[in-house]
$ cat my_file-v9.txt   # compact mmCIF, C-alpha atoms
# COMPACT_ATOMS: atom_id res chain seq x y z
CA MET A 1257 2.64 23.32 52.80
CA ARG A 1258 1.29 21.94 56.09
CA ILE A 1259 -1.65 20.45 54.21
CA VAL A 1260 0.51 18.98 51.42
CA ASN A 1261 2.88 17.42 53.97
CA SER A 1262 0.03 16.02 56.08
CA ALA A 1263 -0.75 12.31 56.19
CA ARG A 1264 -3.88 12.93 54.12
CA PHE A 1265 -1.89 14.23 51.14
CA SER A 1266 1.51 12.54 51.52
CA LYS A 1267 -0.12 9.31 50.29
CA SER A 1268 -1.08 10.86 46.95
CA SER A 1269 1.51 12.87 45.04
CA ARG A 1270 -1.06 13.60 42.31
CA LEU A 1271 -3.46 15.29 44.72
CA SER A 1272 -0.58 17.32 46.21
CA GLN A 1273 0.53 18.37 42.73
CA LEU A 1274 -3.03 19.32 41.81
CA LEU A 1275 -3.55 21.43 44.96
CA LEU A 1276 -0.21 23.24 44.55
CA TYR A 1277 -1.00 23.99 40.91
CA LEU A 1278 -4.45 25.40 41.70
CA ALA A 1279 -3.11 27.44 44.63
CA LYS A 1280 -0.26 28.87 42.54
CA GLN A 1281 -2.55 29.96 39.72
CA THR A 1282 -5.01 31.43 42.24
CA LEU A 1283 -2.35 33.43 44.12
CA LEU A 1284 -0.84 34.69 40.85
CA GLU A 1285 -4.34 35.77 39.78
CA ARG A 1286 -4.27 33.47 36.75
CA THR A 1287 -7.76 32.14 37.45
CA ALA A 1288 -8.67 32.47 33.78
CA LEU A 1289 -6.29 29.55 33.14
CA LEU A 1290 -8.06 27.31 35.65
CA ASN A 1291 -10.18 25.09 33.45
CA GLU A 1292 -10.43 21.33 32.93
CA GLN A 1293 -8.41 21.38 29.70
CA ASN A 1294 -5.41 23.25 31.15
CA ILE A 1295 -5.38 21.18 34.33
CA ALA A 1296 -5.43 17.95 32.32
CA VAL A 1297 -2.42 19.10 30.26
CA ASP A 1298 -0.35 20.81 32.99
CA VAL A 1299 -0.99 18.46 35.93
CA PHE A 1300 -1.94 15.11 34.42
CA GLU A 1301 0.23 15.36 31.29
CA ARG A 1302 -2.62 14.77 28.89
CA GLY A 1303 -2.12 15.84 25.26
CA ASP A 1304 -3.77 18.76 23.50
CA GLY A 1305 -6.39 16.30 22.21
CA PHE A 1306 -7.71 15.71 25.72
CA ASP A 1307 -11.46 15.02 25.62
CA PRO A 1308 -13.18 15.57 29.01
CA SER A 1309 -16.26 13.69 27.87
CA VAL A 1310 -14.16 10.52 27.61
CA ASP A 1311 -11.38 11.10 30.16
CA THR A 1312 -12.69 12.13 33.59
CA ILE A 1313 -9.32 12.26 35.37
CA VAL A 1314 -9.62 15.94 36.33
CA ARG A 1315 -13.14 15.65 37.72
CA SER A 1316 -12.42 12.46 39.67
CA HIS A 1317 -9.30 13.99 41.23
CA MET A 1318 -11.17 17.19 42.09
CA VAL A 1319 -13.74 15.12 44.00
CA ARG A 1320 -10.94 13.42 45.94
CA LEU A 1321 -9.18 16.76 46.52
CA ARG A 1322 -12.27 18.38 48.04
CA GLN A 1323 -12.80 15.33 50.26
CA ARG A 1324 -9.20 15.43 51.51
CA LEU A 1325 -9.42 19.18 52.22
CA GLU A 1326 -12.58 18.56 54.26
CA GLN A 1327 -10.72 15.89 56.22
CA CYS A 1328 -7.74 18.21 56.78
CA ALA A 1329 -10.10 20.87 58.16
CA SER A 1330 -11.13 18.44 60.91
CA ASP A 1331 -7.49 17.38 61.45
CA PHE A 1332 -6.36 20.99 62.06
CA PRO A 1333 -9.34 22.67 63.80
CA ASP A 1334 -7.12 25.39 65.32
CA ASP A 1335 -5.74 26.66 62.00
CA SER A 1336 -6.37 30.33 61.30
CA PHE A 1337 -7.26 29.62 57.67
CA ARG A 1338 -9.36 26.99 56.00
CA VAL A 1339 -8.39 25.94 52.48
CA THR A 1340 -11.23 24.90 50.16
CA VAL A 1341 -12.02 24.54 46.48
CA PRO A 1342 -15.78 25.16 46.10
CA LYS A 1343 -17.71 22.67 44.01
CA GLY A 1344 -17.90 23.73 40.37
CA GLU A 1345 -14.75 25.88 40.70
CA TYR A 1346 -10.99 25.43 40.48
CA ILE A 1347 -10.12 28.55 42.49
CA VAL A 1348 -8.59 27.89 45.90
CA ARG A 1349 -10.24 29.77 48.77
CA PHE A 1350 -8.32 30.78 51.89
CA ASP A 1351 -10.97 31.61 54.50
CA ARG A 1352 -10.01 32.89 57.92
CA THR A 1353 -11.51 30.78 60.72
CA ALA A 1354 -10.00 32.59 63.71
CA PRO A 1355 -8.74 36.12 64.32
CA ASP A 1356 -5.14 36.67 63.42
CA VAL A 1357 -2.71 36.97 66.34
CA SER A 1358 -1.40 40.28 65.02
CA ASP A 1359 -4.97 41.64 65.01
CA ILE A 1360 -5.45 40.54 68.62
CA VAL A 1361 -2.24 42.27 69.68
CA ARG A 1362 -3.06 45.36 67.66
CA ASN A 1363 -6.60 45.58 69.07
CA SER A 1364 -5.39 45.01 72.63
CA PHE A 1365 -3.22 48.12 72.53
CA ALA A 1366 -5.48 50.23 70.34
CA SER A 1367 -6.92 53.33 71.98
CA PRO A 1368 -10.63 54.08 71.66
CA PRO A 1369 -11.47 56.96 69.35
CA VAL A 1370 -11.53 60.34 71.15
CA LYS A 1371 -12.41 63.83 70.15
CA GLU A 1372 -9.55 66.05 69.15
CA LEU A 1373 -8.37 68.26 71.98
CA PRO A 1374 -6.36 71.42 71.99
CA LEU A 1375 -2.64 70.85 72.34
CA SER A 1376 -2.59 72.27 75.84
CA ALA A 1377 -5.30 69.86 76.93
CA GLU A 1378 -3.38 66.88 75.41
CA ARG A 1379 -0.26 67.85 77.33
CA SER A 1380 -2.29 68.21 80.51
CA LEU A 1381 -3.84 64.76 80.14
CA GLY A 1382 -0.47 63.19 79.31
CA THR A 1383 1.27 64.77 82.30
CA ARG A 1384 -1.58 63.76 84.60
CA TRP A 1385 -1.33 60.10 83.46
CA ILE A 1386 2.45 59.88 83.80
CA THR A 1387 2.39 61.44 87.26
CA ASN A 1388 -0.38 59.09 88.39
CA PRO A 1389 1.03 56.90 91.24
CA LEU A 1390 -0.40 53.75 89.57
CA PHE A 1391 1.49 54.32 86.31
CA LEU A 1392 4.87 52.77 87.26
CA PRO A 1393 3.43 49.67 89.02
CA CYS A 1394 1.14 49.01 86.03
CA CYS A 1395 4.06 49.23 83.62
CA LEU A 1396 6.19 46.92 85.77
CA MET A 1397 3.34 44.43 86.06
CA GLY A 1398 2.79 44.50 82.29
CA LEU A 1399 6.49 43.98 81.57
CA THR A 1400 6.63 41.15 84.10
CA ILE A 1401 3.68 39.38 82.47
CA VAL A 1402 5.20 39.78 79.00
CA GLY A 1403 8.61 38.59 80.19
CA LEU A 1404 7.15 35.57 82.00
CA SER A 1405 5.15 34.65 78.89
CA VAL A 1406 8.29 34.79 76.75
CA VAL A 1407 10.23 32.62 79.24
CA LEU A 1408 7.44 30.04 79.44
CA TRP A 1409 7.04 30.00 75.63
CA SER A 1410 10.77 29.59 74.97
CA GLY A 1411 11.09 26.96 77.68
CA HIS A 1412 8.20 24.99 76.23
CA HIS A 1413 9.73 25.05 72.75
CA ARG A 1414 13.17 24.21 74.14
CA ILE A 1415 11.68 21.12 75.80
CA GLN A 1416 9.97 20.18 72.53
CA ARG A 1417 13.24 20.51 70.59
CA SER A 1418 15.27 18.52 73.09
CA ALA A 1419 12.80 15.63 73.25
CA SER A 1420 13.79 13.37 70.38
CA PRO A 1421 11.32 10.73 69.18
CA PRO A 1422 12.22 7.06 69.65
CA PRO A 1423 13.97 5.42 66.69
CA HIS A 1424 11.65 4.03 64.05
CA PRO A 1425 11.70 0.20 64.23
CA LEU A 1426 12.15 -0.19 60.45
CA TRP A 1427 13.91 2.93 59.19
CA SER A 1428 16.51 2.75 61.96
CA ARG A 1429 17.55 -0.61 60.48
CA ILE A 1430 17.72 0.75 56.93
CA PHE A 1431 19.66 3.92 57.81
CA GLN A 1432 22.67 3.23 60.04
CA SER A 1433 25.68 5.43 60.70
CA SER A 1434 28.03 2.48 60.13
CA ARG A 1435 27.10 1.94 56.46
CA PRO A 1436 25.59 3.75 53.46
CA THR A 1437 22.12 3.09 52.05
CA THR A 1438 21.70 2.77 48.28
CA PHE A 1439 18.36 3.41 46.61
CA VAL A 1440 18.11 1.57 43.26
CA ALA A 1441 15.51 3.10 40.91
CA ALA A 1442 13.66 0.90 38.42
CA ASP A 1443 14.52 0.78 34.71
CA ASN A 1444 11.30 1.54 32.84
CA GLY A 1445 13.03 1.27 29.48
CA LEU A 1446 13.25 -2.43 30.31
CA VAL A 1447 9.52 -2.47 31.13
CA LEU A 1448 8.77 -1.09 27.66
CA LEU A 1449 10.95 -3.81 26.13
CA HIS A 1450 8.98 -6.51 27.94
CA TRP A 1451 5.67 -4.94 26.98
CA MET A 1452 6.58 -4.92 23.28
CA THR A 1453 8.18 -8.38 23.13
CA LYS A 1454 6.00 -10.20 25.73
CA LYS A 1455 9.21 -11.78 27.06
CA ASP A 1456 11.23 -11.42 30.24
CA THR A 1457 14.93 -10.63 30.76
CA THR A 1458 17.36 -12.46 33.02
CA LEU A 1459 19.75 -10.54 35.24
CA ALA A 1460 22.74 -11.97 33.32
CA ASP A 1461 21.38 -10.66 30.00
CA TYR A 1462 20.55 -7.33 31.61
CA LEU A 1463 24.10 -6.89 32.89
CA ASP A 1464 25.43 -7.63 29.39
CA HIS A 1465 22.81 -5.37 27.78
CA ASN A 1466 21.99 -8.39 25.63
CA PHE A 1467 18.35 -8.43 24.51
CA ASN A 1468 18.82 -10.81 21.56
CA GLN A 1469 16.60 -13.49 23.08
CA GLU A 1470 13.73 -11.02 23.54
CA LEU A 1471 14.15 -9.69 19.99
CA GLN A 1472 14.53 -13.08 18.33
CA GLY A 1473 12.21 -13.60 15.34
CA LEU A 1474 11.40 -9.92 14.86
CA PRO A 1475 12.17 -8.03 11.62
CA ARG A 1476 15.46 -6.17 11.82
CA ASP A 1477 13.89 -2.72 11.66
CA ARG A 1478 11.42 -3.58 14.38
CA ALA A 1479 14.14 -5.14 16.53
CA ASP A 1480 16.33 -2.04 16.18
CA GLU A 1481 13.41 0.20 17.11
CA ILE A 1482 12.63 -1.81 20.25
CA ARG A 1483 16.31 -2.01 21.23
CA ASP A 1484 16.56 1.78 20.92
CA ILE A 1485 13.60 2.24 23.27
CA ALA A 1486 14.96 -0.32 25.73
CA ASN A 1487 18.29 1.53 25.91
CA ARG A 1488 16.65 4.79 26.93
CA ARG A 1489 16.98 5.84 30.55
CA TYR A 1490 13.44 5.98 31.93
CA THR A 1491 12.15 5.61 35.45
CA SER A 1492 8.66 6.09 36.87
CA PHE A 1493 7.04 8.92 38.79
CA VAL A 1494 6.24 6.37 41.51
CA ASP A 1495 9.98 5.75 41.96
CA LEU A 1496 10.69 9.46 42.10
CA ASN A 1497 7.98 9.95 44.71
CA LEU A 1498 9.28 7.03 46.77
CA PHE A 1499 12.81 8.45 46.76
CA ARG A 1500 11.51 11.94 47.65
CA ARG A 1501 9.64 10.58 50.65
CA ILE A 1502 12.67 8.56 51.77
CA GLN A 1503 14.81 11.71 51.55
CA GLN A 1504 12.43 13.46 53.95
CA LEU A 1505 12.84 10.83 56.68
CA PRO A 1506 14.65 12.19 59.76
CA SER A 1507 17.05 9.23 59.73
CA ALA A 1508 17.97 9.57 56.01
CA SER A 1509 21.06 11.79 56.08
CA ALA A 1510 22.07 13.17 52.68
CA ASP A 1511 25.67 11.98 52.95
CA ARG A 1512 24.64 8.36 53.58
CA LEU A 1513 21.84 8.02 51.00
CA ILE A 1514 23.01 7.08 47.49
CA LEU A 1515 20.78 7.13 44.41
CA ARG A 1516 21.57 4.64 41.64
CA TYR A 1517 19.83 3.70 38.41
CA ALA A 1518 19.33 -0.07 38.06
CA ARG A 1519 21.31 -0.16 34.80
CA ASP A 1520 24.36 1.50 36.38
CA LEU A 1521 24.60 -0.68 39.47
CA GLY A 1522 27.35 -3.22 40.11
CA VAL A 1523 27.08 -6.40 42.22
CA ASP A 1524 29.75 -5.12 44.64
CA GLU A 1525 27.55 -2.17 45.54
CA LEU A 1526 24.91 -4.56 46.84
CA LYS A 1527 27.42 -5.87 49.38
CA GLN A 1528 28.64 -2.55 50.77
CA GLY A 1529 25.68 -1.48 52.84
CA ASN A 1530 21.92 -1.40 53.09
CA ILE A 1531 19.84 -1.50 49.91
CA ILE A 1532 16.42 -0.26 48.82
CA LEU A 1533 15.18 -1.79 45.56
CA SER A 1534 12.14 -0.24 43.86
CA GLY A 1535 10.07 -2.14 41.30
CA ALA A 1536 9.38 -5.74 40.35
CA ARG A 1537 11.97 -7.98 38.72
CA GLY A 1538 10.79 -6.92 35.26
CA ALA A 1539 11.74 -3.32 36.06
CA ASN A 1540 14.58 -4.00 38.48
CA PRO A 1541 16.29 -7.31 37.64
CA TRP A 1542 18.43 -7.08 40.80
CA VAL A 1543 15.41 -8.36 42.72
CA GLU A 1544 16.25 -11.78 41.24
CA LEU A 1545 19.25 -12.05 43.60
CA TYR A 1546 17.03 -11.74 46.66
CA GLU A 1547 14.18 -14.02 45.58
CA PRO A 1548 15.74 -17.25 46.96
CA GLN A 1549 15.17 -15.94 50.50
CA MET A 1550 11.65 -14.60 49.77
CA ASN A 1551 8.37 -16.44 50.26
CA PHE A 1552 6.44 -14.16 47.88
CA TYR A 1553 8.11 -13.56 44.53
CA GLY A 1554 6.75 -12.22 41.26
CA SER A 1555 6.09 -13.98 37.97
CA ASP A 1556 4.98 -12.09 34.84
CA ASP A 1557 3.00 -13.70 32.03
CA GLY A 1558 3.34 -10.89 29.51
CA LEU A 1559 1.60 -12.83 26.75
CA HIS A 1560 -1.66 -13.09 28.71
CA HIS A 1561 -1.14 -9.87 30.74
CA ILE A 1562 -1.28 -11.72 34.05
CA TYR A 1563 1.08 -11.03 36.93
CA SER A 1564 1.22 -13.31 39.95
CA PHE A 1565 3.03 -13.44 43.25
CA ILE A 1566 3.92 -17.05 43.98
CA ASN A 1567 3.39 -18.17 47.56
CA ARG A 1568 6.32 -20.51 48.13
CA GLN A 1569 4.97 -22.04 51.36
CA PRO A 1570 1.20 -21.46 51.64
CA LYS A 1571 -0.37 -21.49 55.06
CA ALA A 1572 -3.72 -23.15 55.70
CA GLY A 1573 -6.39 -21.51 53.57
CA GLU A 1574 -3.90 -19.57 51.40
CA PRO A 1575 -3.55 -20.02 47.61
CA ASP A 1576 -0.22 -20.99 46.12
CA ARG A 1577 -0.23 -17.78 44.06
CA TYR A 1578 -2.01 -14.42 44.00
CA PHE A 1579 -3.05 -13.02 40.62
CA ALA A 1580 -3.44 -9.56 39.12
CA SER A 1581 -4.83 -9.42 35.60
CA ALA A 1582 -5.03 -6.50 33.16
CA SER A 1583 -8.54 -7.67 32.23
CA ASP A 1584 -9.79 -7.50 35.83
CA PRO A 1585 -12.77 -5.08 35.87
CA LYS A 1586 -12.03 -4.18 39.50
CA HIS A 1587 -8.38 -3.34 38.65
CA HIS A 1588 -6.88 -5.20 41.59
CA VAL A 1589 -3.16 -4.60 42.08
CA LEU A 1590 -0.67 -6.43 44.29
CA GLY A 1591 2.53 -5.43 46.02
CA VAL A 1592 5.17 -6.98 48.26
CA LEU A 1593 7.28 -5.25 50.88
CA ALA A 1594 10.26 -7.40 51.88
CA PHE A 1595 12.69 -6.49 54.67
CA ILE A 1596 15.44 -9.11 54.35
CA SER A 1597 19.21 -9.58 54.57
CA ASN A 1598 21.57 -8.06 52.04
CA LEU A 1599 23.72 -10.36 49.92
CA ASP A 1600 26.59 -10.58 52.41
CA ARG A 1601 24.24 -11.00 55.40
CA ASN A 1602 25.91 -8.04 57.10
CA GLY A 1603 23.18 -5.50 56.39
CA ASN A 1604 19.58 -5.14 55.31
CA ALA A 1605 17.64 -4.89 52.08
CA LEU A 1606 14.21 -3.34 51.56
CA ILE A 1607 12.32 -4.39 48.42
CA VAL A 1608 9.30 -2.35 47.30
CA GLU A 1609 7.75 -4.45 44.55
CA GLY A 1610 4.43 -4.24 42.72
CA ASN A 1611 2.82 -5.95 39.75
CA SER A 1612 2.42 -2.44 38.28
CA MET A 1613 3.23 1.16 39.18
CA ALA A 1614 -0.05 1.27 41.14
CA GLY A 1615 1.02 -1.89 42.99
CA THR A 1616 4.35 -0.31 43.91
CA GLU A 1617 2.48 2.84 44.98
CA ALA A 1618 0.24 0.75 47.26
CA ILE A 1619 3.33 -0.61 49.02
CA THR A 1620 4.74 2.93 49.25
CA ASP A 1621 1.50 4.12 50.87
CA PHE A 1622 1.73 1.31 53.42
CA LEU A 1623 5.42 1.98 54.05
CA PHE A 1624 4.83 5.65 54.92
CA ASN A 1625 1.54 5.25 56.78
CA ASP A 1626 2.72 4.78 60.37
CA ASP A 1627 -0.87 4.37 61.54
CA ALA A 1628 -0.89 1.09 59.60
CA LEU A 1629 2.82 0.20 59.55
CA LEU A 1630 3.73 0.59 63.24
CA PRO A 1631 0.96 -1.68 64.62
CA PHE A 1632 1.95 -4.27 62.02
CA LEU A 1633 5.62 -4.07 63.01
CA ASN A 1634 4.77 -4.25 66.72
CA GLN A 1635 3.00 -7.57 66.28
CA LEU A 1636 6.09 -8.97 64.52
CA LYS A 1637 8.58 -8.03 67.24
CA ARG A 1638 10.43 -10.75 69.10
CA PRO A 1639 10.15 -11.05 72.90
CA ASP A 1640 13.34 -8.98 73.27
CA GLY A 1641 11.75 -6.14 71.27
CA SER A 1642 13.86 -6.59 68.12
CA LEU A 1643 12.30 -6.60 64.66
CA PRO A 1644 12.86 -9.74 62.54
CA HIS A 1645 13.10 -9.72 58.77
CA PHE A 1646 9.69 -10.06 57.18
CA GLU A 1647 7.58 -9.91 54.02
CA VAL A 1648 4.06 -8.58 53.59
CA LEU A 1649 1.74 -8.93 50.60
CA VAL A 1650 -0.87 -6.18 50.12
CA GLU A 1651 -3.77 -5.70 47.72
CA SER A 1652 -5.26 -2.47 46.40
CA ASN A 1653 -7.17 -1.11 43.41
CA SER A 1654 -5.88 1.05 40.59
CA VAL A 1655 -7.91 4.25 40.27
CA ASN A 1656 -6.86 6.15 37.15
CA GLY A 1657 -3.38 4.67 37.54
CA ASN A 1658 -3.11 5.52 41.25
CA ALA A 1659 -3.40 3.13 44.16
CA GLY A 1660 -6.55 3.20 46.24
CA PRO A 1661 -6.88 1.97 49.86
CA PHE A 1662 -4.77 -1.09 50.64
CA HIS A 1663 -5.19 -4.12 52.87
CA ILE A 1664 -2.85 -6.92 53.93
CA LEU A 1665 -3.38 -10.35 52.33
CA SER A 1666 -0.59 -12.28 54.00
CA TYR A 1667 2.81 -11.90 55.67
CA ARG A 1668 5.81 -13.94 56.81
CA THR A 1669 8.61 -13.46 59.31
CA HIS A 1670 12.11 -14.85 58.81
CA PRO A 1671 14.15 -16.62 61.50
$ encode --input "my_file-v9.txt" --output "structure tokens"
Amino acid sequence: MRIVNSARFSKSSRLSQLLLYLAKQTLLERTALLNEQNIAVDVFERGDGFDPSVDTIVRSHMVRLRQRLEQCASDFPDDSFRVTVPKGEYIVRFDRTAPDVSDIVRNSFASPPVKELPLSAERSLGTRWITNPLFLPCCLMGLTIVGLSVVLWSGHHRIQRSASPPPHPLWSRIFQSSRPTTFVAADNGLVLLHWMTKKDTTLADYLDHNFNQELQGLPRDRADEIRDIANRRYTSFVDLNLFRRIQQLPSASADRLILRYARDLGVDELKQGNIILSGARGANPWVELYEPQMNFYGSDDGLHHIYSFINRQPKAGEPDRYFASASDPKHHVLGVLAFISNLDRNGNALIVEGNSMAGTEAITDFLFNDDALLPFLNQLKRPDGSLPHFEVLVESNSVNGNAGPFHILSYRTHP
């Protein structure tokens, strides 16, 4: 679990899922099940008709998995075991790299082999050793060393436990003891509606569950079929992973973190505390309420499969909009992270928005990568050390539906 929870793997839920699956089957001695077909079905949710000659998702992820495990080996050089998956195999190897502590202790107190002696001779040797004048001082010295080691070890760990890390500049503003924090998961049933009709939905229509404008001009049977799909309660794996990672934050107490589905939310709930909105406006229409205070806001051209983030006030050298197209051979994806005021200006809102699930995942990777996030936040801080509200636009690439490495395109701070 140390490897799965490391920074190398926390950025990719698919690689973590793949490693855990391979390790489980290996430890349960089900290695006969470890083949490309079964992994594609069980881990990547491919159908029984999966064709490895066309779909290389298993092989590409295995390459990435082996690379990450190599990197983890250098991150944890003192680990007693090294975890690997040899090339051409799916079996996880657990190779010992250092002697086990229990072996060291056992060998330290182990007696060298001796020839068997008559019982009388054994008693004689034992009595001679116990009556030796050095016996008691040696025992006392040994006990003193052991006791001192225990005291030093416990004191060291007590100091480690008592030293609390400084508050995180962003998460301490999202999770506050004075108010709850509501996580609003995206509505992917709505995404399917937009994909089938090539039209968008306003927040007012969404609240009324009125999709007549989107369904206008369609045959009745087709309209009923699309409406049925739109009314289903779907959300994405990216949203689930984002919420899971938020739950694991030290500042996110279970009694103050509320999970809500976008379709079940009421306007009053957006005024009662801090908010985290996941997904673009097409998946989470509540984002529309926050766009007036945002410099970067999304616009979806479903007919031409082009998504853009409009740059409301371009700086010198910046375009007035950034595009992501489904026909792009490089599969560029875009995402915006916005830390802004809530609707009543008495709390904070965090918007994690992408042009696609991979775009949202890119923002999630940035949000939980403190090696990238903390230096960025430090350069935004005011002279008094406080963090202003801000927005940041990032770009990445979609690799088999997952976000690759990201980089910042532009950012803004709010007064």
$ residues_near_point --input "my_file-v9.txt" --point "(10.0, -5.0, 30.9)" --cutoff "10 Å" --atoms "only C-alpha atoms" --output "ChimeraX atom specification"
/A:1443-1457,1486,1536-1541,1556,1558
$ write_last_selection --input "my_file-v9.txt" --atoms "C-alpha atoms" --output "short mmCIF file (atom, residue, chain, number, x, y, z; two decimals), in the frame of the given file"
data_model
loop_
_atom_site.label_atom_id
_atom_site.label_comp_id
_atom_site.auth_asym_id
_atom_site.auth_seq_id
_atom_site.Cartn_x
_atom_site.Cartn_y
_atom_site.Cartn_z
CA ASP A 1443 14.52 0.78 34.71
CA ASN A 1444 11.30 1.54 32.84
CA GLY A 1445 13.03 1.27 29.48
CA LEU A 1446 13.25 -2.43 30.31
CA VAL A 1447 9.52 -2.47 31.13
CA LEU A 1448 8.77 -1.09 27.66
CA LEU A 1449 10.95 -3.81 26.13
CA HIS A 1450 8.98 -6.51 27.94
CA TRP A 1451 5.67 -4.94 26.98
CA MET A 1452 6.58 -4.92 23.28
CA THR A 1453 8.18 -8.38 23.13
CA LYS A 1454 6.00 -10.20 25.73
CA LYS A 1455 9.21 -11.78 27.06
CA ASP A 1456 11.23 -11.42 30.24
CA THR A 1457 14.93 -10.63 30.76
CA ALA A 1486 14.96 -0.32 25.73
CA ALA A 1536 9.38 -5.74 40.35
CA ARG A 1537 11.97 -7.98 38.72
CA GLY A 1538 10.79 -6.92 35.26
CA ALA A 1539 11.74 -3.32 36.06
CA ASN A 1540 14.58 -4.00 38.48
CA PRO A 1541 16.29 -7.31 37.64
CA ASP A 1556 4.98 -12.09 34.84
CA GLY A 1558 3.34 -10.89 29.51
#
$ atom_distance --input "my_file-v9.txt" --atom1 "CA of Leu1459 in chain A" --atom2 "CA of Val1543 in chain A"
8.9 Å
$ closest_residue --input "my_file-v9.txt" --among "A:Leu1274, A:Leu1599, A:Ile1531, A:Ala1279" --to "Tyr1546 in chain A" --atoms "all atoms listed in the file"
A:Leu1599
$ closest_residue --input "my_file-v9.txt" --among "A:Ala1441, A:Met1550, A:Leu1629, A:Val1297" --to "Ile1566 in chain A" --atoms "all atoms listed in the file"
A:Met1550
$ closest_atom_pairs --input "my_file-v9.txt" --of "range 1505-1573 of chain A" --to "range 1583-1590 of chain A" --cutoff "12 Å" --atoms "all atoms listed in the file" --output "tab-separated table"
residue	atom	partner	partner_atom	distance
A:Gly1535	CA	A:Leu1590	CA	11.9
A:Ala1536	CA	A:Leu1590	CA	10.8
A:Phe1552	CA	A:Leu1590	CA	11.1
A:Tyr1553	CA	A:Leu1590	CA	11.3
A:Gly1554	CA	A:Leu1590	CA	9.9
A:Ser1555	CA	A:Leu1590	CA	11.9
A:His1560	CA	A:Ser1583	CA	9.4
A:His1561	CA	A:Ser1583	CA	7.9
A:Ile1562	CA	A:Ser1583	CA	8.5
A:Tyr1563	CA	A:Leu1590	CA	8.9
A:Ser1564	CA	A:Leu1590	CA	8.4
A:Phe1565	CA	A:Leu1590	CA	8.0
A:Ile1566	CA	A:Leu1590	CA	11.6
$ closest_residue --input "my_file-v9.txt" --among "A:Phe1439, A:Tyr1346, A:Phe1332, A:Phe1265" --to "Glu1292 in chain A" --atoms "only C-alpha atoms"
A:Tyr1346
$ atom_distance --input "my_file-v9.txt" --atom1 "CA of Ser1666 in chain A" --atom2 "CA of Arg1568 in chain A"
12.2 Å
$ closest_residue --input "my_file-v9.txt" --among "A:Tyr1578, A:Phe1431, A:Phe1595, A:Trp1542" --to "Pro1506 in chain A" --atoms "all atoms listed in the file"
A:Phe1431
$ atom_distance --input "my_file-v9.txt" --atom1 "CA of Glu1609 in chain A" --atom2 "CA of Ser1316 in chain A"
26.8 Å
$ closest_residue --input "my_file-v9.txt" --among "A:Leu1474, A:Thr1282, A:Asn1294, A:Gln1327" --to "Arg1349 in chain A" --atoms "all atoms listed in the file"
A:Thr1282
$ closest_residue --input "my_file-v9.txt" --among "A:Gln1293, A:Ser1581, A:Thr1437, A:Ser1266" --to "Ser1654 in chain A" --atoms "all atoms listed in the file"
A:Ser1581
$ residues_around --input "my_file-v9.txt" --residues "Pro1644 in chain A" --least-positions-apart "2" --cutoff "7 Å" --atoms "only C-alpha atoms" --output "list in words"
Lys1637, Ser1642, Phe1646, Thr1669 and His1670 of chain A
$ residues_around --input "my_file-v9.txt" --residues "Phe1499 in chain A" --least-positions-apart "5" --cutoff "12 Å" --atoms "all atoms listed in the file" --output "ChimeraX atom specification"
/A:1437-1442,1491-1494,1504-1505,1508,1510,1513-1517,1532-1534,1608,1617,1620,1624
$ decode --input "my_file-v9.txt" --residues "range 1470-1479 of chain A" --atoms "N, CA and C atoms" --output "mmCIF file, in the first residue's frame"
data_model
loop_
_atom_site.group_PDB
_atom_site.id
_atom_site.type_symbol
_atom_site.label_atom_id
_atom_site.label_comp_id
_atom_site.auth_asym_id
_atom_site.auth_seq_id
_atom_site.Cartn_x
_atom_site.Cartn_y
_atom_site.Cartn_z
ATOM 1 N N GLU A 1470 -33.607 20.666 -26.008
ATOM 2 C CA GLU A 1470 -32.585 19.785 -26.563
ATOM 3 C C GLU A 1470 -33.198 18.701 -27.449
ATOM 4 N N LEU A 1471 -34.425 18.285 -27.119
ATOM 5 C CA LEU A 1471 -35.062 17.178 -27.837
ATOM 6 C C LEU A 1471 -35.953 17.647 -28.981
ATOM 7 N N GLN A 1472 -36.040 18.947 -29.139
ATOM 8 C CA GLN A 1472 -36.932 19.503 -30.167
ATOM 9 C C GLN A 1472 -36.531 19.027 -31.566
ATOM 10 N N GLY A 1473 -37.535 18.590 -32.358
ATOM 11 C CA GLY A 1473 -37.306 18.151 -33.725
ATOM 12 C C GLY A 1473 -36.971 16.677 -33.859
ATOM 13 N N LEU A 1474 -36.811 15.973 -32.754
ATOM 14 C CA LEU A 1474 -36.504 14.544 -32.823
ATOM 15 C C LEU A 1474 -37.784 13.718 -32.844
ATOM 16 N N PRO A 1475 -37.784 12.544 -33.484
ATOM 17 C CA PRO A 1475 -38.948 11.658 -33.420
ATOM 18 C C PRO A 1475 -39.268 11.306 -31.973
ATOM 19 N N ARG A 1476 -40.517 11.076 -31.689
ATOM 20 C CA ARG A 1476 -40.953 10.851 -30.308
ATOM 21 C C ARG A 1476 -40.209 9.681 -29.661
ATOM 22 N N ASP A 1477 -40.084 8.588 -30.393
ATOM 23 C CA ASP A 1477 -39.406 7.414 -29.824
ATOM 24 C C ASP A 1477 -37.959 7.727 -29.480
ATOM 25 N N ARG A 1478 -37.306 8.440 -30.402
ATOM 26 C CA ARG A 1478 -35.909 8.803 -30.161
ATOM 27 C C ARG A 1478 -35.790 9.769 -28.992
ATOM 28 N N ALA A 1479 -36.708 10.731 -28.929
ATOM 29 C CA ALA A 1479 -36.698 11.701 -27.829
ATOM 30 C C ALA A 1479 -36.916 11.010 -26.489
#
